[in-house]
Amino acid sequence: MKLIVGLGNPGSQYETTRHNAGWMALDRLAHDHGARFRTERRFRGDAAELDLPGVGRVLLLKPLTFMNLSGESVQAAAAFYKIEPADILVITDDYALPLGFVRVRARGSAGGHNGLKSIIAHLNTNEFPRVRIGVGAPTADAIGHVLGTFRKEEWPEVDEALVLAVEATLMALRDGVGAAMNRYNVRASPPPAPDGDEADAESFT
């Protein structure tokens, strides 16, 4: 069993916010493969199972804990199915990446992202792959930026990024994270974070 986690916040007011890019990508993946989510109280999240060609059995998970407690949901699902961290892939937003960019990483720090920080704390490791979706840098208020909706003119780039994120996720599962990195980390990268690690979006809820 593989576990794909999309990070976001529950509630209709958050559905199209930048912070829910991970959920949007996971919804698209589920729709493409005819999977339906249902609420699993034991995981504190919405979950769906499917069989992917070349991959096998996969659990899709959208934590309903709000971003800061995402690790509680991920840990519960991983423990129930006995899934190792290396078989958990997290899709998340990242305001350190330009809008429309997608980056695949095999491991790394939370980089200030509270959803990733919670998952790392609950799994007691940062050795799990992630697909990061660029949502653009804030011009002033970072909280308002990530919790704000995309502007109308941004949606074409958002849609393209979601398609790429789903493709990158499937390739990482089928062919390995390295192959996905070589295929999808091809656009010019922004400057590295000061500590030399990847810079992920800072989360606030």
# chains A, B, ... in the order shown; residues from 1 in each chain; ligands from 1
>>> residues_around(residues="stretch 126-130 of chain A", least_positions_apart="4", cutoff="8 Å", atoms="only C-alpha atoms", output="mmCIF file with N, CA and C atoms, in the first residue's frame")
data_model
loop_
_atom_site.group_PDB
_atom_site.id
_atom_site.type_symbol
_atom_site.label_atom_id
_atom_site.label_comp_id
_atom_site.auth_asym_id
_atom_site.auth_seq_id
_atom_site.Cartn_x
_atom_site.Cartn_y
_atom_site.Cartn_z
ATOM 1 N N PRO A 85 7.402 5.389 5.895
ATOM 2 C CA PRO A 85 7.510 6.775 5.421
ATOM 3 C C PRO A 85 7.935 6.901 3.960
ATOM 4 N N ALA A 86 8.820 6.031 3.498
ATOM 5 C CA ALA A 86 9.284 6.097 2.109
ATOM 6 C C ALA A 86 8.156 5.846 1.117
ATOM 7 N N ASP A 87 7.043 5.235 1.586
ATOM 8 C CA ASP A 87 5.904 4.950 0.727
ATOM 9 C C ASP A 87 4.778 5.962 0.918
ATOM 10 N N ILE A 88 5.100 7.079 1.586
ATOM 11 C CA ILE A 88 4.140 8.164 1.774
ATOM 12 C C ILE A 88 4.593 9.350 0.932
ATOM 13 N N LEU A 89 3.733 9.823 0.050
ATOM 14 C CA LEU A 89 4.054 10.995 -0.765
ATOM 15 C C LEU A 89 3.073 12.107 -0.421
ATOM 16 N N VAL A 90 3.609 13.288 -0.130
ATOM 17 C CA VAL A 90 2.795 14.425 0.294
ATOM 18 C C VAL A 90 2.773 15.486 -0.804
ATOM 19 N N ILE A 91 1.586 15.944 -1.169
ATOM 20 C CA ILE A 91 1.422 17.025 -2.138
ATOM 21 C C ILE A 91 1.036 18.285 -1.365
ATOM 22 N N THR A 92 1.793 19.349 -1.556
ATOM 23 C CA THR A 92 1.586 20.550 -0.749
ATOM 24 C C THR A 92 1.802 21.822 -1.551
ATOM 25 N N VAL A 104 9.661 18.260 -7.164
ATOM 26 C CA VAL A 104 9.613 16.955 -6.505
ATOM 27 C C VAL A 104 10.853 16.827 -5.630
ATOM 28 N N ARG A 105 10.681 16.366 -4.399
ATOM 29 C CA ARG A 105 11.794 16.146 -3.484
ATOM 30 C C ARG A 105 11.649 14.785 -2.804
ATOM 31 N N ALA A 106 12.768 14.120 -2.570
ATOM 32 C CA ALA A 106 12.747 12.802 -1.933
ATOM 33 C C ALA A 106 12.645 12.896 -0.424
ATOM 34 N N ARG A 107 13.065 14.030 0.116
ATOM 35 C CA ARG A 107 13.096 14.217 1.576
ATOM 36 C C ARG A 107 13.365 15.680 1.850
ATOM 37 N N GLY A 108 13.431 16.061 3.111
ATOM 38 C CA GLY A 108 13.816 17.428 3.436
ATOM 39 C C GLY A 108 13.126 17.946 4.677
ATOM 40 N N SER A 109 13.536 19.124 5.088
ATOM 41 C CA SER A 109 12.949 19.759 6.258
ATOM 42 C C SER A 109 11.563 20.294 5.925
ATOM 43 N N ALA A 110 10.864 20.773 6.942
ATOM 44 C CA ALA A 110 9.548 21.374 6.719
ATOM 45 C C ALA A 110 9.675 22.715 6.028
ATOM 46 N N ILE A 120 6.283 15.461 9.861
ATOM 47 C CA ILE A 120 7.631 15.060 10.276
ATOM 48 C C ILE A 120 7.641 14.701 11.756
ATOM 49 N N VAL A 177 11.269 8.452 -7.331
ATOM 50 C CA VAL A 177 11.313 9.903 -7.133
ATOM 51 C C VAL A 177 12.376 10.537 -8.021
#
>>> closest_residue(among="A:Tyr95, A:Thr16, A:Leu7, A:Ala168", to="A:Arg151", atoms="only C-alpha atoms")
A:Thr16
>>> atom_distance(atom1="atom CA of A:Ile119", atom2="atom CA of A:Leu69")
8.0 Å
>>> residues_around(residues="stretch 154-156 of chain A", least_positions_apart="2", cutoff="12 Å", atoms="only C-alpha atoms", output="list in words")
Thr16, Thr17, Arg18, Ala21, Pro98, Leu99, Gly100, Gly134, Val135, Gly136, Thr149, Phe150, Arg151, Lys152, Val158, Asp159, Glu160, Ala161, Leu162 and Val163 of chain A
>>> write_last_selection(atoms="C-alpha atoms", output="compact mmCIF listing (two decimals), in the first residue's frame")
# COMPACT_ATOMS: atom_id res chain seq x y z
CA THR A 16 -10.02 27.41 -3.71
CA THR A 17 -7.34 29.01 -1.54
CA ARG A 18 -3.64 28.75 -2.33
CA ALA A 21 -3.38 23.30 -3.70
CA PRO A 98 6.61 30.83 -8.50
CA LEU A 99 3.02 30.26 -9.50
CA GLY A 100 2.72 27.24 -11.76
CA GLY A 134 4.15 26.86 -6.44
CA VAL A 135 1.43 29.34 -5.43
CA GLY A 136 3.46 32.52 -5.88
CA THR A 149 -8.14 32.51 -3.37
CA PHE A 150 -6.33 32.52 -6.69
CA ARG A 151 -7.11 35.47 -8.93
CA LYS A 152 -9.11 34.78 -12.08
CA VAL A 158 -2.87 26.84 -11.49
CA ASP A 159 -4.63 24.26 -13.66
CA GLU A 160 -1.38 23.52 -15.49
CA ALA A 161 0.46 23.10 -12.19
CA LEU A 162 -2.21 20.71 -10.87
CA VAL A 163 -1.90 18.57 -13.99
>>> closest_residue(among="A:Glu157, A:Ser73, A:Leu60, A:Leu173", to="A:Ala35", atoms="only C-alpha atoms")
A:Leu60
>>> select_by_dssp(residues="stretch 43-149 of chain A", states="helix (DSSP H, G or I)", output="PDB file with C-alpha atoms, in the first residue's frame")
ATOM      1  CA  MET A  67      -3.045  22.170   8.396  1.00  0.00           C
ATOM      2  CA  ASN A  68      -1.190  22.380  11.709  1.00  0.00           C
ATOM      3  CA  LEU A  69      -2.323  18.902  12.799  1.00  0.00           C
ATOM      4  CA  SER A  70      -1.960  17.086   9.470  1.00  0.00           C
ATOM      5  CA  GLY A  71       0.501  14.628  11.005  1.00  0.00           C
ATOM      6  CA  GLU A  72      -2.169  13.144  13.271  1.00  0.00           C
ATOM      7  CA  SER A  73      -4.184  11.998  10.265  1.00  0.00           C
ATOM      8  CA  VAL A  74      -1.156  10.783   8.302  1.00  0.00           C
ATOM      9  CA  GLN A  75       0.230   8.841  11.265  1.00  0.00           C
ATOM     10  CA  ALA A  76      -3.133   7.139  11.893  1.00  0.00           C
ATOM     11  CA  ALA A  77      -3.475   5.992   8.281  1.00  0.00           C
ATOM     12  CA  ALA A  78       0.161   4.895   8.048  1.00  0.00           C
ATOM     13  CA  ALA A  79      -0.085   2.913  11.284  1.00  0.00           C
ATOM     14  CA  PHE A  80      -3.337   1.206  10.283  1.00  0.00           C
ATOM     15  CA  TYR A  81      -1.965   0.018   6.939  1.00  0.00           C
ATOM     16  CA  PRO A  85       7.510   6.775   5.421  1.00  0.00           C
ATOM     17  CA  ALA A  86       9.284   6.097   2.109  1.00  0.00           C
ATOM     18  CA  ASP A  87       5.904   4.950   0.727  1.00  0.00           C
ATOM     19  CA  ASN A 114       3.379  23.701   9.370  1.00  0.00           C
ATOM     20  CA  GLY A 115       1.641  20.836   7.588  1.00  0.00           C
ATOM     21  CA  LEU A 116       4.969  19.228   6.730  1.00  0.00           C
ATOM     22  CA  LYS A 117       6.266  20.073  10.192  1.00  0.00           C
ATOM     23  CA  SER A 118       3.388  18.167  11.788  1.00  0.00           C
ATOM     24  CA  ILE A 119       3.898  15.138   9.535  1.00  0.00           C
ATOM     25  CA  ILE A 120       7.631  15.060  10.276  1.00  0.00           C
ATOM     26  CA  ALA A 121       6.930  15.248  14.020  1.00  0.00           C
ATOM     27  CA  HIS A 122       4.372  12.428  13.974  1.00  0.00           C
ATOM     28  CA  LEU A 123       6.360  10.133  11.684  1.00  0.00           C
ATOM     29  CA  ALA A 142       1.702  36.169   3.945  1.00  0.00           C
ATOM     30  CA  ILE A 143      -1.283  34.878   5.919  1.00  0.00           C
ATOM     31  CA  GLY A 144      -3.755  36.623   3.661  1.00  0.00           C
ATOM     32  CA  HIS A 145      -1.851  35.365   0.638  1.00  0.00           C
ATOM     33  CA  VAL A 146      -1.948  31.642   1.399  1.00  0.00           C
TER      34      VAL A 146
END
>>> atom_distance(atom1="atom CA of A:Leu97", atom2="atom CA of A:Phe37")
28.9 Å
